[in-house]
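Heads up, the thing below is written out as structure tokens.
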Amino acid sequence: MKRGHLTIVCGPSGCGKSTLIKAFLKKYDHFTFPTSVTTRSPREGEVHGEHYFFMSKEDFKAKNDKGEFLEYADVYGQYYGTLKATIDDSLIKGESLIKDIDIQGAKSLMKTLDPSDLTSIFISPPSLEALKDRLDKRGSENESTLKRRLQEAELEMSDSHLFNHVIINDKLEQAYEDFEKILLNQ
């Protein structure tokens, strides 16, 4: 049986990662999205085991101390991580995985996993100004969180060279076309 493959997708908040991934998964059901673990509370409509595995910080730390996470990050005081078993089992079964991940997790996976098991894609806005406009339109950010997200975006964008592929999401249709080509040609 052919070994599976993991594609990680990273980029600043508001760059279009989720939109691209959802559109792709809707069209190609042989790809799966591995469920991550988080210590934050579920948002309205989120289901344990489907959107995330929700657990306490104590349980998360205990699993981390046992080395059960492939990668993890502290994001605004909440932990997010990927269980080794989730990825290892899927790769052994020959599954094609696609995972949205933050820059800390992406860097960690790029160091940890065999390069033949991993493709990394960075989704970038055309500019910080365009990203600011997108975040403003979402209406989910106050002035201080918007400023923090833009500062983080600038740092993340400076690391885009670490990824196998960079897609500038200026026009969604073109970005999706590029995204689809990368995923189908690995």
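FYI, nothing fancy with the structure tokens labels: chains A, B, ... in order, residues from 1 per chain, ligands from 1 as they appear.
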
Practice prompt. With a distance cut-off of 12 Å and only C-alpha atoms, select the neighbouring residues of Lys66 of chain A, excluding the residue or stretch itself and same-chain residues fewer than 5 positions from it, and output the selection as a ChimeraX atom specification.
Written response: /A:59-61,83-84

Selected residues, all heavy atoms, written as a PDB file, in the first residue's frame, please.
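For reference, again.pdb as written:
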ATOM      1  N   ASP A  59      -5.165  18.027  30.922  1.00  0.00           N
ATOM      2  CA  ASP A  59      -5.079  16.834  30.075  1.00  0.00           C
ATOM      3  C   ASP A  59      -4.137  17.061  28.897  1.00  0.00           C
ATOM      4  O   ASP A  59      -3.366  16.177  28.523  1.00  0.00           O
ATOM      5  CB  ASP A  59      -6.463  16.431  29.560  1.00  0.00           C
ATOM      6  CG  ASP A  59      -7.353  15.855  30.651  1.00  0.00           C
ATOM      7  OD1 ASP A  59      -6.834  15.498  31.727  1.00  0.00           O
ATOM      8  OD2 ASP A  59      -8.576  15.774  30.423  1.00  0.00           O
ATOM      9  N   PHE A  60      -4.199  18.249  28.312  1.00  0.00           N
ATOM     10  CA  PHE A  60      -3.320  18.587  27.192  1.00  0.00           C
ATOM     11  C   PHE A  60      -1.863  18.504  27.639  1.00  0.00           C
ATOM     12  O   PHE A  60      -1.026  17.883  26.962  1.00  0.00           O
ATOM     13  CB  PHE A  60      -3.649  19.994  26.677  1.00  0.00           C
ATOM     14  CG  PHE A  60      -3.007  20.338  25.367  1.00  0.00           C
ATOM     15  CD1 PHE A  60      -3.747  20.301  24.196  1.00  0.00           C
ATOM     16  CD2 PHE A  60      -1.666  20.705  25.280  1.00  0.00           C
ATOM     17  CE1 PHE A  60      -3.169  20.626  22.965  1.00  0.00           C
ATOM     18  CE2 PHE A  60      -1.080  21.027  24.069  1.00  0.00           C
ATOM     19  CZ  PHE A  60      -1.836  20.985  22.909  1.00  0.00           C
ATOM     20  N   LYS A  61      -1.557  19.138  28.782  1.00  0.00           N
ATOM     21  CA  LYS A  61      -0.183  19.125  29.285  1.00  0.00           C
ATOM     22  C   LYS A  61       0.291  17.708  29.586  1.00  0.00           C
ATOM     23  O   LYS A  61       1.445  17.358  29.312  1.00  0.00           O
ATOM     24  CB  LYS A  61      -0.066  20.016  30.520  1.00  0.00           C
ATOM     25  CG  LYS A  61      -0.134  21.496  30.180  1.00  0.00           C
ATOM     26  CD  LYS A  61      -0.075  22.354  31.439  1.00  0.00           C
ATOM     27  CE  LYS A  61      -0.215  23.829  31.079  1.00  0.00           C
ATOM     28  NZ  LYS A  61      -0.246  24.697  32.260  1.00  0.00           N
ATOM     29  N   LEU A  83      -2.090  15.415  17.382  1.00  0.00           N
ATOM     30  CA  LEU A  83      -1.643  14.157  17.981  1.00  0.00           C
ATOM     31  C   LEU A  83      -0.851  13.337  16.965  1.00  0.00           C
ATOM     32  O   LEU A  83      -1.256  13.197  15.810  1.00  0.00           O
ATOM     33  CB  LEU A  83      -2.843  13.351  18.482  1.00  0.00           C
ATOM     34  CG  LEU A  83      -3.561  13.938  19.696  1.00  0.00           C
ATOM     35  CD1 LEU A  83      -4.891  13.242  19.917  1.00  0.00           C
ATOM     36  CD2 LEU A  83      -2.678  13.811  20.938  1.00  0.00           C
ATOM     37  N   LYS A  84       0.284  12.789  17.412  1.00  0.00           N
ATOM     38  CA  LYS A  84       1.117  11.956  16.546  1.00  0.00           C
ATOM     39  C   LYS A  84       0.317  10.799  15.971  1.00  0.00           C
ATOM     40  O   LYS A  84       0.411  10.509  14.777  1.00  0.00           O
ATOM     41  CB  LYS A  84       2.301  11.380  17.339  1.00  0.00           C
ATOM     42  CG  LYS A  84       3.413  12.329  17.612  1.00  0.00           C
ATOM     43  CD  LYS A  84       4.517  11.603  18.375  1.00  0.00           C
ATOM     44  CE  LYS A  84       5.591  12.575  18.803  1.00  0.00           C
ATOM     45  NZ  LYS A  84       6.629  11.915  19.617  1.00  0.00           N
TER      46      LYS A  84
END

Worksheet item: A:Glu50, A:Ile8, A:Ser96, A:Lys17: which is nearest Ser108 of chain A, counting only C-alpha atoms?
Response: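 Result for the nearest residue to Ser108 of chain A: A:Ile8.
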
Discussion item. Can you pull out every residue from chain A that DSSP, working from the backbone, puts in alpha helix (DSSP H), and format the result as a VMD selection string?
Written reply: chain A and resid 17 to 27 57 to 65 84 to 92 103 to 112 128 to 138 143 to 158 172 to 184

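Distances here use only C-alpha atoms; by that measure, the residue among A:Tyr52, A:Gly105, A:Val75, A:Phe122 closest to Ser158 of chain A is A:Phe122.
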
Fill in: Residue set, segment 18-172 of chain A restricted to strand (DSSP E or B), as a VMD selection string
chain A and resid 31 to 32 36 to 38 48 52 to 54 69 to 75 78 to 83 96 to 100 118 to 124 165 to 168

Discussion item. Which residues are close to Ser18 of chain A, i.e. within 10 Å by only C-alpha atoms, leaving aside same-chain residues fewer than 4 positions away? Reply as a list in words.
Written reply: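 Contacts, with the query itself left out: Val9, Cys10, Ser13, Gly14, Lys22, Ala23, Phe24, Lys99 and Asp100 of chain A.
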
Worksheet entry | All residues 12 Å or closer to Asp136 of chain A, only C-alpha atoms, same chain fewer than 3 positions away omitted, as a ChimeraX atom specification | /A:13-14,129-133,139-143,145-147,149-150

Worksheet item: Closest to Phe33 of chain A among A:Gln151, A:Gln104, A:Thr112, A:Thr82, using only C-alpha atoms?
Response: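 Closest candidate: A:Thr82.
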
Worksheet item: Near Gly16 of chain A, counting only C-alpha atoms, which residues have an atom at most 10 Å away, once you skip same-chain residues fewer than 6 positions from it, shown as a list in words?
Response: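 The contact residues come out as Cys10, Ile123, Ser124, Pro125, Leu131, Arg134, Ile168, Asn169, Asp170, Leu172, Ala175 and Tyr176 of chain A.
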
Would you save the residues of that selection, restricted to C-alpha atoms, as a compact mmCIF listing (two decimals), in the first residue's frame?
# COMPACT_ATOMS: atom_id res chain seq x y z
CA CYS A 10 -0.50 28.18 6.63
CA ILE A 123 -1.33 31.45 1.56
CA SER A 124 -0.45 35.13 1.45
CA PRO A 125 -2.60 38.21 1.02
CA LEU A 131 -5.41 41.95 4.61
CA ARG A 134 -10.46 41.84 4.65
CA ILE A 168 -0.82 35.01 -3.33
CA ASN A 169 -4.57 35.15 -2.73
CA ASP A 170 -5.38 38.28 -4.72
CA LEU A 172 -9.86 33.81 -5.15
CA ALA A 175 -5.69 31.16 -5.86
CA TYR A 176 -8.01 28.13 -5.81

Worksheet item: Could you state the separation of atom CA of Tyr28 of chain A and atom CA of His51 of chain A in Å, given to one decimal place?
Response: 18.7 Å

Discussion item. Here is a test: counting only C-alpha atoms, which residue of A:Met55, A:Val166, A:Leu155, A:Ile92 is nearest to Ser36 of chain A?
Written reply: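 Ranked by minimum distance to Ser36 of chain A, first place goes to A:Met55.
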
Discussion item. For a quick check of understanding, using only C-alpha atoms, which of A:Leu128, A:Met157, A:Glu68, A:Ile121 has the smallest distance to Ile21 of chain A?
Written reply: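 Of the candidates, the smallest distance to Ile21 of chain A is held by A:Ile121.
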